[in-house]
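Colleague: My structure is in final04.cif, and what it holds is mmCIF, C-alpha atoms, pLDDT in the B column; chains and numbers go by the auth columns:
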data_entry
loop_
_atom_site.group_PDB
_atom_site.id
_atom_site.type_symbol
_atom_site.label_atom_id
_atom_site.label_comp_id
_atom_site.label_asym_id
_atom_site.label_seq_id
_atom_site.Cartn_x
_atom_site.Cartn_y
_atom_site.Cartn_z
_atom_site.B_iso_or_equiv
_atom_site.auth_seq_id
_atom_site.auth_asym_id
ATOM 1 C CA MET A 1 76.423 106.319 125.605 45.00 32 A
ATOM 2 C CA ASP A 2 76.489 102.494 125.562 48.00 33 A
ATOM 3 C CA ILE A 3 80.261 102.457 125.155 47.00 34 A
ATOM 4 C CA ASP A 4 80.746 104.624 128.249 49.00 35 A
ATOM 5 C CA SER A 5 78.463 102.469 130.378 47.00 36 A
ATOM 6 C CA ASP A 6 80.188 99.267 129.179 46.00 37 A
ATOM 7 C CA PHE A 7 83.575 100.826 129.930 45.00 38 A
ATOM 8 C CA GLN A 8 82.496 101.785 133.456 49.00 39 A
ATOM 9 C CA LYS A 9 81.069 98.310 134.076 48.00 40 A
ATOM 10 C CA SER A 10 84.301 96.663 132.943 47.00 41 A
ATOM 11 C CA ASN A 11 86.380 98.973 135.147 48.00 42 A
ATOM 12 C CA ASN A 12 84.233 98.469 138.280 50.00 43 A
ATOM 13 C CA GLN A 13 85.212 94.812 138.749 47.00 44 A
ATOM 14 C CA PRO A 14 86.454 93.694 142.148 46.00 45 A
ATOM 15 C CA GLU A 15 90.246 93.502 142.320 45.00 46 A
ATOM 16 C CA GLU A 16 90.228 89.715 142.797 44.00 47 A
ATOM 17 C CA GLU A 17 88.247 89.199 139.610 44.00 48 A
ATOM 18 C CA SER A 18 90.394 91.513 137.481 42.00 49 A
ATOM 19 C CA SER A 19 93.648 89.995 138.750 40.00 50 A
ATOM 20 C CA SER A 20 92.365 86.466 138.108 41.00 51 A
ATOM 21 C CA MET A 21 91.495 87.482 134.549 42.00 52 A
ATOM 22 C CA GLN A 22 95.053 88.751 134.060 44.00 53 A
ATOM 23 C CA MET A 23 96.586 85.586 135.510 42.00 54 A
ATOM 24 C CA ASP A 24 94.450 83.263 133.379 45.00 55 A
ATOM 25 C CA SER A 25 96.011 83.792 129.965 47.00 56 A
ATOM 26 C CA GLN A 26 93.609 81.351 128.306 50.00 57 A
ATOM 27 C CA GLY A 27 90.406 82.780 129.819 53.00 58 A
ATOM 28 C CA SER A 28 87.018 81.241 129.254 66.00 59 A
ATOM 29 C CA GLY A 29 85.279 81.438 125.917 73.00 60 A
ATOM 30 C CA ASP A 30 82.598 83.669 127.451 81.00 61 A
ATOM 31 C CA GLU A 31 85.196 86.214 128.652 79.00 62 A
ATOM 32 C CA LYS A 32 86.876 86.273 125.252 77.00 63 A
ATOM 33 C CA GLU A 33 83.523 86.779 123.581 81.00 64 A
ATOM 34 C CA LYS A 34 82.725 89.731 125.872 78.00 65 A
ATOM 35 C CA LEU A 35 86.156 91.220 125.176 75.00 66 A
ATOM 36 C CA MET A 36 85.669 90.913 121.426 76.00 67 A
ATOM 37 C CA GLU A 37 82.224 92.561 121.676 79.00 68 A
ATOM 38 C CA SER A 38 83.726 95.463 123.658 75.00 69 A
ATOM 39 C CA MET A 39 86.529 95.815 121.124 70.00 70 A
ATOM 40 C CA ASP A 40 83.979 95.925 118.292 75.00 71 A
ATOM 41 C CA LYS A 41 82.033 98.675 120.062 73.00 72 A
ATOM 42 C CA LEU A 42 85.242 100.696 120.477 73.00 73 A
ATOM 43 C CA ASN A 43 86.265 100.063 116.839 67.00 74 A
ATOM 44 C CA ILE A 44 89.461 98.296 117.934 59.00 75 A
ATOM 45 C CA GLU A 45 90.831 95.877 115.366 58.00 76 A
ATOM 46 C CA GLY A 46 92.813 92.747 116.145 53.00 77 A
ATOM 47 C CA THR A 47 92.883 90.172 118.906 52.00 78 A
ATOM 48 C CA SER A 48 93.128 90.895 122.601 51.00 79 A
ATOM 49 C CA THR A 49 96.932 90.718 122.411 54.00 80 A
ATOM 50 C CA ASN A 50 97.480 92.374 119.040 57.00 81 A
ATOM 51 C CA PHE A 51 95.953 95.862 118.785 58.00 82 A
ATOM 52 C CA LYS A 52 96.373 97.938 115.647 64.00 83 A
ATOM 53 C CA LYS A 53 97.716 101.370 116.588 72.00 84 A
ATOM 54 C CA LYS A 54 95.896 104.287 115.061 76.00 85 A
ATOM 55 C CA PRO A 55 97.815 107.492 114.297 79.00 86 A
ATOM 56 C CA VAL A 56 97.728 110.447 116.643 83.00 87 A
ATOM 57 C CA ILE A 57 96.846 113.691 114.885 86.00 88 A
ATOM 58 C CA ILE A 58 97.670 117.039 116.458 90.00 89 A
ATOM 59 C CA ILE A 59 96.379 120.266 114.938 91.00 90 A
ATOM 60 C CA VAL A 60 97.784 123.455 116.437 93.00 91 A
ATOM 61 C CA VAL A 61 95.878 126.710 116.026 91.00 92 A
ATOM 62 C CA GLY A 62 96.102 130.030 117.813 90.00 93 A
ATOM 63 C CA MET A 63 96.585 133.747 117.622 89.00 94 A
ATOM 64 C CA ALA A 64 99.698 135.257 116.038 84.00 95 A
ATOM 65 C CA GLY A 65 102.603 135.124 118.472 89.00 96 A
ATOM 66 C CA SER A 66 100.942 132.622 120.804 94.00 97 A
ATOM 67 C CA GLY A 67 103.751 130.038 120.428 93.00 98 A
ATOM 68 C CA LYS A 68 102.426 127.612 117.814 92.00 99 A
ATOM 69 C CA THR A 69 105.733 127.379 115.933 93.00 100 A
ATOM 70 C CA THR A 70 107.753 127.118 119.162 94.00 101 A
ATOM 71 C CA PHE A 71 105.474 124.345 120.440 95.00 102 A
ATOM 72 C CA LEU A 72 105.716 122.421 117.167 94.00 103 A
ATOM 73 C CA HIS A 73 109.491 122.848 117.081 95.00 104 A
ATOM 74 C CA ARG A 74 109.751 121.255 120.535 96.00 105 A
ATOM 75 C CA LEU A 75 107.292 118.523 119.566 94.00 106 A
ATOM 76 C CA VAL A 76 109.226 117.677 116.389 94.00 107 A
ATOM 77 C CA CYS A 77 112.510 117.623 118.361 94.00 108 A
ATOM 78 C CA HIS A 78 110.933 115.317 120.946 94.00 109 A
ATOM 79 C CA THR A 79 109.546 112.890 118.358 92.00 110 A
ATOM 80 C CA GLN A 80 112.876 112.733 116.543 92.00 111 A
ATOM 81 C CA ALA A 81 114.839 112.203 119.780 94.00 112 A
ATOM 82 C CA SER A 82 112.377 109.499 120.869 93.00 113 A
ATOM 83 C CA ASP A 83 112.559 107.802 117.463 90.00 114 A
ATOM 84 C CA ILE A 84 108.828 108.330 116.921 89.00 115 A
ATOM 85 C CA ARG A 85 107.727 108.651 113.318 86.00 116 A
ATOM 86 C CA GLY A 86 105.964 111.892 112.569 86.00 117 A
ATOM 87 C CA TYR A 87 104.535 113.714 109.604 87.00 118 A
ATOM 88 C CA VAL A 88 104.477 117.523 109.665 92.00 119 A
ATOM 89 C CA ILE A 89 102.257 119.689 107.471 91.00 120 A
ATOM 90 C CA ASN A 90 102.673 123.474 107.447 92.00 121 A
ATOM 91 C CA LEU A 91 99.414 125.275 106.690 91.00 122 A
ATOM 92 C CA ASP A 92 100.678 128.819 107.374 92.00 123 A
ATOM 93 C CA PRO A 93 101.262 130.475 103.997 93.00 124 A
ATOM 94 C CA ALA A 94 102.650 133.667 105.584 91.00 125 A
ATOM 95 C CA VAL A 95 105.406 132.161 107.747 91.00 126 A
ATOM 96 C CA LEU A 96 108.853 133.211 106.545 91.00 127 A
ATOM 97 C CA THR A 97 110.923 130.386 108.051 92.00 128 A
ATOM 98 C CA LEU A 98 110.253 127.215 109.994 93.00 129 A
ATOM 99 C CA PRO A 99 112.744 125.956 112.595 94.00 130 A
ATOM 100 C CA PHE A 100 111.803 122.380 111.651 93.00 131 A
ATOM 101 C CA GLY A 101 111.241 120.511 108.419 92.00 132 A
ATOM 102 C CA ALA A 102 107.738 120.067 107.059 93.00 133 A
ATOM 103 C CA ASN A 103 106.845 117.059 104.929 91.00 134 A
ATOM 104 C CA ILE A 104 104.148 119.093 103.199 90.00 135 A
ATOM 105 C CA ASP A 105 104.328 122.885 103.087 92.00 136 A
ATOM 106 C CA ILE A 106 101.539 125.118 101.778 93.00 137 A
ATOM 107 C CA ARG A 107 104.227 127.566 100.654 94.00 138 A
ATOM 108 C CA ASP A 108 105.320 125.058 97.992 91.00 139 A
ATOM 109 C CA THR A 109 101.869 125.267 96.392 89.00 140 A
ATOM 110 C CA VAL A 110 100.497 128.745 97.103 93.00 141 A
ATOM 111 C CA ARG A 111 102.415 132.037 97.044 94.00 142 A
ATOM 112 C CA TYR A 112 100.843 134.184 99.763 93.00 143 A
ATOM 113 C CA LYS A 113 102.151 137.560 98.525 95.00 144 A
ATOM 114 C CA GLU A 114 101.061 136.823 94.947 96.00 145 A
ATOM 115 C CA VAL A 115 97.567 135.906 96.157 95.00 146 A
ATOM 116 C CA MET A 116 97.386 139.224 98.019 96.00 147 A
ATOM 117 C CA LYS A 117 98.372 141.162 94.888 97.00 148 A
ATOM 118 C CA GLN A 118 96.231 139.161 92.460 96.00 149 A
ATOM 119 C CA PHE A 119 93.031 139.468 94.506 96.00 150 A
ATOM 120 C CA ASN A 120 93.841 142.917 95.996 97.00 151 A
ATOM 121 C CA LEU A 121 93.675 141.589 99.573 96.00 152 A
ATOM 122 C CA GLY A 122 95.191 142.496 102.907 95.00 153 A
ATOM 123 C CA PRO A 123 97.224 140.070 105.003 93.00 154 A
ATOM 124 C CA ASN A 124 94.282 138.259 106.615 93.00 155 A
ATOM 125 C CA GLY A 125 92.362 137.964 103.350 95.00 156 A
ATOM 126 C CA GLY A 126 95.518 136.709 101.652 95.00 157 A
ATOM 127 C CA ILE A 127 95.946 133.972 104.270 93.00 158 A
ATOM 128 C CA LEU A 128 92.311 132.857 104.030 94.00 159 A
ATOM 129 C CA THR A 129 92.332 132.858 100.232 95.00 160 A
ATOM 130 C CA SER A 130 95.637 130.932 100.196 94.00 161 A
ATOM 131 C CA LEU A 131 94.120 128.325 102.497 93.00 162 A
ATOM 132 C CA ASN A 132 91.033 128.083 100.281 93.00 163 A
ATOM 133 C CA LEU A 133 93.207 127.586 97.192 92.00 164 A
ATOM 134 C CA PHE A 134 95.232 124.923 98.997 92.00 165 A
ATOM 135 C CA ALA A 135 92.026 123.185 100.143 90.00 166 A
ATOM 136 C CA THR A 136 91.096 122.542 96.510 91.00 167 A
ATOM 137 C CA LYS A 137 94.168 120.262 96.315 86.00 168 A
ATOM 138 C CA PHE A 138 93.747 118.635 99.709 84.00 169 A
ATOM 139 C CA ASP A 139 92.693 115.290 98.225 87.00 170 A
ATOM 140 C CA GLU A 140 96.202 115.079 96.732 86.00 171 A
ATOM 141 C CA VAL A 141 97.690 115.795 100.176 82.00 172 A
ATOM 142 C CA VAL A 142 95.655 112.958 101.719 82.00 173 A
ATOM 143 C CA GLN A 143 96.759 110.565 98.972 85.00 174 A
ATOM 144 C CA LEU A 144 100.386 111.522 99.544 81.00 175 A
ATOM 145 C CA ILE A 145 100.110 110.935 103.291 78.00 176 A
ATOM 146 C CA GLU A 146 98.361 107.596 102.824 80.00 177 A
ATOM 147 C CA SER A 147 101.089 106.354 100.494 78.00 178 A
#
Output the structure of this file as C-alpha cells.

Modeller:
Amino acid sequence: MDIDSDFQKSNNQPEEESSSMQMDSQGSGDEKEKLMESMDKLNIEGTSTNFKKKPVIIIVVGMAGSGKTTFLHRLVCHTQASDIRGYVINLDPAVLTLPFGANIDIRDTVRYKEVMKQFNLGPNGGILTSLNLFATKFDEVVQLIES
C-alpha cells in the first residue's frame, strides 16, 4: 500500500518540476536520497542510472486446443528474431511434437504412456501423475536454469 501511494505522489509532480529534475543530471543530495529510498521500497538494485534487469517469466496454461503451443511458437519465433534470450520449458508430458525447441522437456524425464500403464490411469490421471513425478526433481531444474 505504501509503495502505491509513494508511486502516485512521485508521478503527480508538476511538469516544470519533473522536467527540471531530468535536466539537472547531478540533482541535489535530498532528491537522490528520496530516489534511493523509493528504489529500496520497490526492490530495485543499482544506482539511478544502472538498473539490474530481472527476468520476465511467462507461464501459459489453458484447455486442450486453446492455442498454447501456437502462442508459444510465435513467442519463441519473436524472441529469436528480436535477438532476445529466452529459456523454454515444456511441462506437457502428453504432447507428441513441439514446433519449437525446449531447453528443458518433461518428456526427457517422464514417459507419460508408461506412467499411465504402471499406475493404471487414464489420460488426465497420467498427465497429473507425470507432473507430480517431475515436480520431485524440480530443484534440479531450478539449479540448471540458474547455472

Colleague: Have a look at atom CA of A:Ile158 and atom CA of A:Glu177 and let me know their distance in Å, one decimal.

Modeller: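 One can read the atom CA of A:Ile158 to atom CA of A:Glu177 distance as 26.5 Å.
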
Colleague: Using all atoms listed in the file, can you tell me which of A:Leu152, A:Ile120, A:Ala133, A:Val126 comes closest to A:Val172?

Modeller: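 That would be A:Ile120, the residue with the smallest distance to A:Val172.
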
Colleague: Give me, please, the distance in Å between atom CA of A:Thr160 and atom CA of A:Val119, quoted to one decimal.

Modeller: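 Taking atom CA of A:Thr160 as the start and atom CA of A:Val119 as the end point, the length is 21.7 Å.
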
Colleague: Separation of atom CA of A:Tyr143 and atom CA of A:Ala166, in Å?

Modeller: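 Atom CA of A:Ala166 lies at a distance of 14.1 Å from atom CA of A:Tyr143.
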
Colleague: Report as an mmCIF file with C-alpha atoms, keeping the file's coordinate frame all protein, DNA and RNA residues lying within 8 Å of stretch 103-109 of chain A, evaluated on all atoms listed in the file, omitting residues in the same chain fewer than 5 positions from it.

Modeller:
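Output (around.cif):
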data_model
loop_
_atom_site.group_PDB
_atom_site.id
_atom_site.type_symbol
_atom_site.label_atom_id
_atom_site.label_comp_id
_atom_site.auth_asym_id
_atom_site.auth_seq_id
_atom_site.Cartn_x
_atom_site.Cartn_y
_atom_site.Cartn_z
ATOM 1 C CA GLY A 117 105.964 111.892 112.569
ATOM 2 C CA PRO A 130 112.744 125.956 112.595
ATOM 3 C CA PHE A 131 111.803 122.380 111.651
#

Colleague: May I ask which of the residues A:Glu64, A:Asp123, A:Asp114, A:Glu145 is the closest one to A:Leu159, counting all atoms listed in the file?

Modeller: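 With all atoms listed in the file as the atom set, the closest residue is A:Asp123.
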
Colleague: Skip A:Ala125 itself and residues of its chain fewer than 6 positions away, then list as a VMD selection string all residues within 9 Å of it, counting only C-alpha atoms.

Modeller: chain A and resid 138 142 to 144 154 157 to 158

Colleague: Dump as an MDAnalysis selection string all residues having an atom at most 9 Å from (100.8, 126.8, 97.9), computed in the file's coordinates with only C-alpha atoms.

Modeller: chainID A and resid 124 136:143 161:162 164:165
